[in-house]
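What follows is a short report on a single structure.
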Amino acid sequence: MRLLQFLEPAGTRIETLTLTSWGGHIPFMFCLMNYFRPRTFLELGTHYGASFFAVCQAIREFGLNCSPTAVDLWAGDEHAGKYGENVYASFRRIHQDKYHGIGCVLRKDFNEAAADFDNQSLDLIHIDGLHTYEAVKNDYETWLPKVSPNGIMLFHDTHVRERGFGVWKLWDEIKDDYVSFNFSHTHGLGVLALGSADSNPVIPILQTVNDSDIARNSFDHFFRLAGERAVSEAISQIKLQAIRERLPAPLLRLFRRSKAIRRKIFPASTRAH
């Protein structure tokens, strides 16, 4: 029953999808935010903001009392590539337009930003910065003391073993220190849960799915499919919106009118499924 409750928000529509390699994990993030209900969230490495905006959407949609923070220099690195000020400008514009008043943004180096947070003050941390072994190990060791006793840490790109990526190596070193799960899709996402099953509600979920290979593979496959569906629907909505914005005003009015007429003639309850 707990697992079914955890999975319930997996079909939530993605409200804001930006350019990202993380999109397939958004349904899991919705489920995690709704079930875990963190008071604080911090993201190291935000780029265009897809994962951070998913957290902002979850906070609003599920009525969470959570303060999210995005930390990035928005300058790029050897893995994300170097990019211009337009990336940060795009992120800030979306944040202000769609999620004004939800969370804050720190344009700082990760090590420098750590001084802004007390130890054991963060319930959920997502690490997605520079992906060399040395860099991600430093992020882990710097920010682990900041995690609350029953907190959770997420690590993206745990299944990438090329171009100098080393998250997989750190993951192999730490995964057995806590209750954990590692998604294989969308470049991998490691989930590390601190505390005990009595105090961290996500730990019983992970223990259940880790109980057998069948359960583990089914959990991974479920969120792979949920991610593919959610991203596909979000892309379709983006394309449809682009088409609507290019339509001449009279044609757009006709399009909207025809939809309204169709709803009157064919109520939702009478349409074929």
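In the structure tokens, chains take letters A, B, ... by order of appearance, with residues numbered from 1 within each chain and ligands from 1 in the order shown.
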
Closest contacts (segment 23-142 of chain A/segment 165-186 of chain A, max 8 Å, only C-alpha atoms) as CSV:
```
residue,atom,partner,partner_atom,distance
A:Gly23,CA,A:Thr186,CA,7.6
A:Gly24,CA,A:Thr186,CA,5.7
A:His25,CA,A:Thr186,CA,7.0
A:His131,CA,A:Phe165,CA,5.1
A:Thr132,CA,A:Gly166,CA,4.7
A:Tyr133,CA,A:Gly166,CA,4.0
A:Glu134,CA,A:Gly166,CA,7.7
A:Val136,CA,A:Val167,CA,6.4
A:Lys137,CA,A:Leu170,CA,6.4
```

Those selected residues, please, written with N, CA, C and O atoms and delivered as an mmCIF file, in the first residue's frame.
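Everything below was put into again.cif:
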```cif
data_model
loop_
_atom_site.group_PDB
_atom_site.id
_atom_site.type_symbol
_atom_site.label_atom_id
_atom_site.label_comp_id
_atom_site.auth_asym_id
_atom_site.auth_seq_id
_atom_site.Cartn_x
_atom_site.Cartn_y
_atom_site.Cartn_z
ATOM 1 N N GLY A 23 15.046 14.802 -18.070
ATOM 2 C CA GLY A 23 13.591 14.772 -18.124
ATOM 3 C C GLY A 23 12.961 13.455 -17.727
ATOM 4 O O GLY A 23 11.879 13.430 -17.126
ATOM 5 N N GLY A 24 13.595 12.344 -18.037
ATOM 6 C CA GLY A 24 13.024 11.041 -17.725
ATOM 7 C C GLY A 24 12.887 10.758 -16.244
ATOM 8 O O GLY A 24 12.187 9.818 -15.857
ATOM 9 N N HIS A 25 13.533 11.547 -15.402
ATOM 10 C CA HIS A 25 13.439 11.348 -13.952
ATOM 11 C C HIS A 25 12.389 12.239 -13.291
ATOM 12 O O HIS A 25 12.180 12.140 -12.077
ATOM 13 N N HIS A 131 30.968 16.295 -13.445
ATOM 14 C CA HIS A 131 30.790 14.870 -13.195
ATOM 15 C C HIS A 131 32.087 14.064 -13.118
ATOM 16 O O HIS A 131 32.050 12.835 -13.175
ATOM 17 N N THR A 132 33.216 14.713 -12.987
ATOM 18 C CA THR A 132 34.443 13.946 -12.756
ATOM 19 C C THR A 132 34.373 13.320 -11.370
ATOM 20 O O THR A 132 33.656 13.801 -10.485
ATOM 21 N N TYR A 133 35.142 12.255 -11.170
ATOM 22 C CA TYR A 133 35.140 11.593 -9.862
ATOM 23 C C TYR A 133 35.567 12.561 -8.764
ATOM 24 O O TYR A 133 34.938 12.626 -7.697
ATOM 25 N N GLU A 134 36.617 13.323 -9.021
ATOM 26 C CA GLU A 134 37.128 14.247 -8.011
ATOM 27 C C GLU A 134 36.092 15.311 -7.645
ATOM 28 O O GLU A 134 35.905 15.643 -6.471
ATOM 29 N N VAL A 136 32.672 15.247 -8.059
ATOM 30 C CA VAL A 136 31.461 14.757 -7.400
ATOM 31 C C VAL A 136 31.785 14.237 -5.997
ATOM 32 O O VAL A 136 30.964 14.351 -5.076
ATOM 33 N N LYS A 137 32.990 13.711 -5.806
ATOM 34 C CA LYS A 137 33.388 13.284 -4.464
ATOM 35 C C LYS A 137 33.497 14.494 -3.539
ATOM 36 O O LYS A 137 33.064 14.456 -2.377
#
```

Please provide as an MDAnalysis selection string all residues within 7 Å of Asp109 of chain A, with the sequence filter that same-chain residues fewer than 4 positions apart are discarded (counting only C-alpha atoms).
chainID A and resid 72:73 113

Only C-alpha atoms, please: the residues just picked out, written as a compact mmCIF listing (two decimals), in the first residue's frame.
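Result went into result-v1.txt, see below:
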```txt
# COMPACT_ATOMS: atom_id res chain seq x y z
CA ASP A 72 25.07 27.16 -10.05
CA LEU A 73 27.56 29.53 -11.63
CA ALA A 113 27.64 28.20 -1.20
```

Nearest to Arg224 of chain A, chosen from A:Leu122, A:His187, A:Ile205, A:Phe110, with only C-alpha atoms counted in the distances:
A:His187

Output as a PyMOL selection string all residues of segment 30-273 of chain A that backbone DSSP marks as strand (DSSP E or B).
chain A and resi 40-44+67-71+76-77+81-82+104-106+122-127+147-156+179-183+189-193

Give me, as number ranges by chain, all polymer residues having an atom no more than 7 Å from segment 139-152 of chain A, counting only C-alpha atoms and skipping those fewer than 2 positions away in the same chain.
A: 114, 117-125, 135-137, 154, 192-195, 199-200

Find the spatial neighbours of Gln96 of chain A, counting only C-alpha atoms, within a cut-off of 12 Å - ignore same-chain residues fewer than 6 positions away - and output them as a PyMOL selection string.
chain A and resi 53+56+89-90+102-105
